[in-house]
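Structure file coords29.cif (mmCIF, N, CA and C atoms) is printed below.
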data_model
#
loop_
_atom_site.label_atom_id
_atom_site.label_comp_id
_atom_site.auth_asym_id
_atom_site.auth_seq_id
_atom_site.Cartn_x
_atom_site.Cartn_y
_atom_site.Cartn_z
N MET A 1201 0.63 -11.71 55.11
CA MET A 1201 1.44 -11.40 53.95
C MET A 1201 0.70 -10.43 53.03
N GLU A 1202 -0.60 -10.63 52.88
CA GLU A 1202 -1.36 -9.75 52.01
C GLU A 1202 -1.36 -8.32 52.53
N ALA A 1203 -1.49 -8.17 53.84
CA ALA A 1203 -1.56 -6.82 54.43
C ALA A 1203 -0.28 -6.03 54.20
N SER A 1204 0.85 -6.73 54.15
CA SER A 1204 2.12 -6.04 53.95
C SER A 1204 2.63 -6.15 52.52
N ASP A 1205 1.78 -6.72 51.64
CA ASP A 1205 2.14 -6.90 50.22
C ASP A 1205 3.43 -7.70 50.06
N THR A 1206 3.57 -8.75 50.88
CA THR A 1206 4.74 -9.61 50.85
C THR A 1206 4.45 -10.84 50.00
N ARG A 1207 5.41 -11.20 49.17
CA ARG A 1207 5.28 -12.41 48.34
C ARG A 1207 6.12 -13.53 48.94
N GLN A 1208 5.84 -14.75 48.55
CA GLN A 1208 6.63 -15.88 49.04
C GLN A 1208 8.10 -15.69 48.73
N ALA A 1209 8.40 -15.17 47.57
CA ALA A 1209 9.80 -14.96 47.17
C ALA A 1209 10.52 -14.02 48.13
N ASP A 1210 9.78 -13.10 48.74
CA ASP A 1210 10.39 -12.15 49.69
C ASP A 1210 10.86 -12.85 50.96
N LEU A 1211 10.29 -14.01 51.27
CA LEU A 1211 10.61 -14.72 52.50
C LEU A 1211 11.73 -15.75 52.34
N VAL A 1212 12.19 -15.97 51.12
CA VAL A 1212 13.20 -17.00 50.88
C VAL A 1212 14.46 -16.74 51.69
N GLY A 1213 14.95 -15.55 51.74
CA GLY A 1213 16.16 -15.26 52.50
C GLY A 1213 15.94 -15.23 54.01
N ILE A 1214 14.69 -15.24 54.43
CA ILE A 1214 14.37 -15.11 55.84
C ILE A 1214 14.16 -16.46 56.52
N ILE A 1215 13.40 -17.34 55.87
CA ILE A 1215 13.11 -18.63 56.53
C ILE A 1215 13.60 -19.85 55.78
N GLY A 1216 14.21 -19.68 54.63
CA GLY A 1216 14.76 -20.85 53.95
C GLY A 1216 14.58 -20.79 52.45
N SER A 1217 14.69 -21.95 51.83
CA SER A 1217 14.58 -22.05 50.38
C SER A 1217 13.14 -21.81 49.93
N SER A 1218 12.97 -21.69 48.63
CA SER A 1218 11.62 -21.46 48.10
C SER A 1218 10.71 -22.64 48.41
N GLY A 1219 11.27 -23.85 48.45
CA GLY A 1219 10.48 -25.04 48.79
C GLY A 1219 9.99 -25.00 50.22
N VAL A 1220 10.87 -24.59 51.14
CA VAL A 1220 10.50 -24.48 52.55
C VAL A 1220 9.44 -23.41 52.74
N VAL A 1221 9.63 -22.27 52.11
CA VAL A 1221 8.66 -21.17 52.21
C VAL A 1221 7.30 -21.64 51.69
N SER A 1222 7.27 -22.32 50.57
CA SER A 1222 6.03 -22.81 50.01
C SER A 1222 5.34 -23.78 50.96
N GLU A 1223 6.09 -24.69 51.56
CA GLU A 1223 5.51 -25.66 52.50
C GLU A 1223 4.95 -24.96 53.73
N VAL A 1224 5.66 -23.97 54.25
CA VAL A 1224 5.19 -23.22 55.42
C VAL A 1224 3.92 -22.46 55.08
N VAL A 1225 3.91 -21.75 53.96
CA VAL A 1225 2.75 -20.95 53.57
C VAL A 1225 1.53 -21.84 53.33
N ASN A 1226 1.74 -23.03 52.80
CA ASN A 1226 0.64 -23.94 52.50
C ASN A 1226 0.28 -24.86 53.66
N GLY A 1227 0.92 -24.66 54.82
CA GLY A 1227 0.58 -25.43 56.01
C GLY A 1227 1.10 -26.85 56.03
N LYS A 1228 2.06 -27.17 55.18
CA LYS A 1228 2.62 -28.52 55.13
C LYS A 1228 3.84 -28.68 56.02
N ARG A 1229 4.34 -27.57 56.57
CA ARG A 1229 5.53 -27.60 57.42
C ARG A 1229 5.33 -26.61 58.55
N SER A 1230 5.76 -27.00 59.74
CA SER A 1230 5.68 -26.10 60.90
C SER A 1230 6.82 -25.09 60.84
N ILE A 1231 6.62 -23.99 61.53
CA ILE A 1231 7.64 -22.96 61.62
C ILE A 1231 8.49 -23.23 62.87
N SER A 1232 9.80 -23.20 62.69
CA SER A 1232 10.70 -23.40 63.83
C SER A 1232 10.76 -22.12 64.65
N LYS A 1233 11.32 -22.23 65.85
CA LYS A 1233 11.47 -21.05 66.70
C LYS A 1233 12.35 -20.00 66.03
N ALA A 1234 13.42 -20.45 65.38
CA ALA A 1234 14.32 -19.52 64.69
C ALA A 1234 13.61 -18.82 63.54
N GLN A 1235 12.79 -19.58 62.80
CA GLN A 1235 12.04 -18.98 61.70
C GLN A 1235 11.01 -17.99 62.24
N ALA A 1236 10.35 -18.33 63.35
CA ALA A 1236 9.37 -17.44 63.96
C ALA A 1236 10.03 -16.14 64.38
N LYS A 1237 11.22 -16.23 64.96
CA LYS A 1237 11.94 -15.02 65.36
C LYS A 1237 12.29 -14.17 64.14
N ALA A 1238 12.77 -14.81 63.08
CA ALA A 1238 13.13 -14.09 61.86
C ALA A 1238 11.90 -13.43 61.24
N LEU A 1239 10.78 -14.13 61.23
CA LEU A 1239 9.55 -13.55 60.69
C LEU A 1239 9.07 -12.40 61.56
N GLY A 1240 9.17 -12.55 62.87
CA GLY A 1240 8.78 -11.48 63.78
C GLY A 1240 9.60 -10.22 63.54
N ASP A 1241 10.91 -10.42 63.36
CA ASP A 1241 11.78 -9.28 63.06
C ASP A 1241 11.41 -8.63 61.72
N TYR A 1242 11.14 -9.46 60.73
CA TYR A 1242 10.83 -8.96 59.39
C TYR A 1242 9.52 -8.16 59.38
N PHE A 1243 8.48 -8.73 60.02
CA PHE A 1243 7.17 -8.09 60.02
C PHE A 1243 6.97 -7.13 61.19
N LYS A 1244 7.99 -7.04 62.06
CA LYS A 1244 7.95 -6.15 63.23
C LYS A 1244 6.76 -6.46 64.15
N VAL A 1245 6.62 -7.78 64.43
CA VAL A 1245 5.59 -8.26 65.36
C VAL A 1245 6.23 -9.29 66.28
N SER A 1246 5.48 -9.74 67.27
CA SER A 1246 5.98 -10.74 68.20
C SER A 1246 6.13 -12.09 67.49
N PRO A 1247 7.26 -12.76 67.69
CA PRO A 1247 7.46 -14.08 67.09
C PRO A 1247 6.39 -15.09 67.53
N SER A 1248 5.77 -14.86 68.68
CA SER A 1248 4.74 -15.79 69.16
C SER A 1248 3.54 -15.88 68.23
N LEU A 1249 3.36 -14.89 67.37
CA LEU A 1249 2.26 -14.95 66.41
C LEU A 1249 2.44 -16.07 65.39
N PHE A 1250 3.66 -16.53 65.22
CA PHE A 1250 3.94 -17.54 64.20
C PHE A 1250 4.06 -18.95 64.77
N ILE A 1251 4.00 -19.07 66.08
CA ILE A 1251 4.16 -20.40 66.70
C ILE A 1251 2.81 -20.97 67.06
#
Here is the file; what I need is its structure written in the form of structure tokens.
Amino acid sequence: MEASDTRQADLVGIIGSSGVVSEVVNGKRSISKAQAKALGDYFKVSPSLFI
């Protein structure tokens, strides 16, 4: 996120609510396959990086 200057708020529409984004970023929640695909599309990388 730092490398692309992305904030947590930028991910709300991609992987869920602000609470879900916060839990994922802080390691309290796993990323689903659908979320990994959405993040891969957003960051233009392989979704496998997030699983």
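Applied to this file, the PyMOL selection byres (((chain A and resi 1235 and name CA) around 10) and name CA) selects Ile1214, Ile1215, Gly1216, Ser1230, Ile1231, Ser1232, Lys1233, Ala1234, Ala1236, Lys1237, Ala1238, Leu1239, Gly1240, Asp1241, Pro1247, Phe1250 and Ile1251 of chain A.
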Can those selected residues be exported to a file as a short mmCIF file (atom, residue, chain, number, x, y, z; two decimals), keeping the file's coordinate frame so that it contains N, CA and C atoms?
data_model
loop_
_atom_site.label_atom_id
_atom_site.label_comp_id
_atom_site.auth_asym_id
_atom_site.auth_seq_id
_atom_site.Cartn_x
_atom_site.Cartn_y
_atom_site.Cartn_z
N ILE A 1214 14.69 -15.24 54.43
CA ILE A 1214 14.37 -15.11 55.84
C ILE A 1214 14.16 -16.46 56.52
N ILE A 1215 13.40 -17.34 55.87
CA ILE A 1215 13.11 -18.63 56.53
C ILE A 1215 13.60 -19.85 55.78
N GLY A 1216 14.21 -19.68 54.63
CA GLY A 1216 14.76 -20.85 53.95
C GLY A 1216 14.58 -20.79 52.45
N SER A 1230 5.76 -27.00 59.74
CA SER A 1230 5.68 -26.10 60.90
C SER A 1230 6.82 -25.09 60.84
N ILE A 1231 6.62 -23.99 61.53
CA ILE A 1231 7.64 -22.96 61.62
C ILE A 1231 8.49 -23.23 62.87
N SER A 1232 9.80 -23.20 62.69
CA SER A 1232 10.70 -23.40 63.83
C SER A 1232 10.76 -22.12 64.65
N LYS A 1233 11.32 -22.23 65.85
CA LYS A 1233 11.47 -21.05 66.70
C LYS A 1233 12.35 -20.00 66.03
N ALA A 1234 13.42 -20.45 65.38
CA ALA A 1234 14.32 -19.52 64.69
C ALA A 1234 13.61 -18.82 63.54
N ALA A 1236 10.35 -18.33 63.35
CA ALA A 1236 9.37 -17.44 63.96
C ALA A 1236 10.03 -16.14 64.38
N LYS A 1237 11.22 -16.23 64.96
CA LYS A 1237 11.94 -15.02 65.36
C LYS A 1237 12.29 -14.17 64.14
N ALA A 1238 12.77 -14.81 63.08
CA ALA A 1238 13.13 -14.09 61.86
C ALA A 1238 11.90 -13.43 61.24
N LEU A 1239 10.78 -14.13 61.23
CA LEU A 1239 9.55 -13.55 60.69
C LEU A 1239 9.07 -12.40 61.56
N GLY A 1240 9.17 -12.55 62.87
CA GLY A 1240 8.78 -11.48 63.78
C GLY A 1240 9.60 -10.22 63.54
N ASP A 1241 10.91 -10.42 63.36
CA ASP A 1241 11.78 -9.28 63.06
C ASP A 1241 11.41 -8.63 61.72
N PRO A 1247 7.26 -12.76 67.69
CA PRO A 1247 7.46 -14.08 67.09
C PRO A 1247 6.39 -15.09 67.53
N PHE A 1250 3.66 -16.53 65.22
CA PHE A 1250 3.94 -17.54 64.20
C PHE A 1250 4.06 -18.95 64.77
N ILE A 1251 4.00 -19.07 66.08
CA ILE A 1251 4.16 -20.40 66.70
C ILE A 1251 2.81 -20.97 67.06
#
Q | Separation of CA of Gln1208 (chain A) from CA of Val1224 (chain A) in Å | A |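 Going from CA of Val1224 (chain A) over to CA of Gln1208 (chain A), I get 9.8 Å.
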**Q.** Gap from CA of Lys1244 (chain A) to CA of Lys1228 (chain A) - Å, one decimal
**A.** 24.4 Å
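The protein and nucleic acid residues lying at most 10 Å from Asp1210 (chain A) are Met1201, Ser1218 and Val1221 of chain A, with only C-alpha atoms considered and sequence neighbours fewer than 6 positions away removed.
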Q: Name the residues of chain A that come out as helix (DSSP H, G or I) in a backbone DSSP run; write them as number ranges by chain.
A: A: 1208-1215, 1218-1225, 1233-1243, 1247-1250
Q) Quick one: distance from CA of Thr1206 (chain A) to CA of Tyr1242 (chain A) in Å, one decimal? A) 10.5 Å
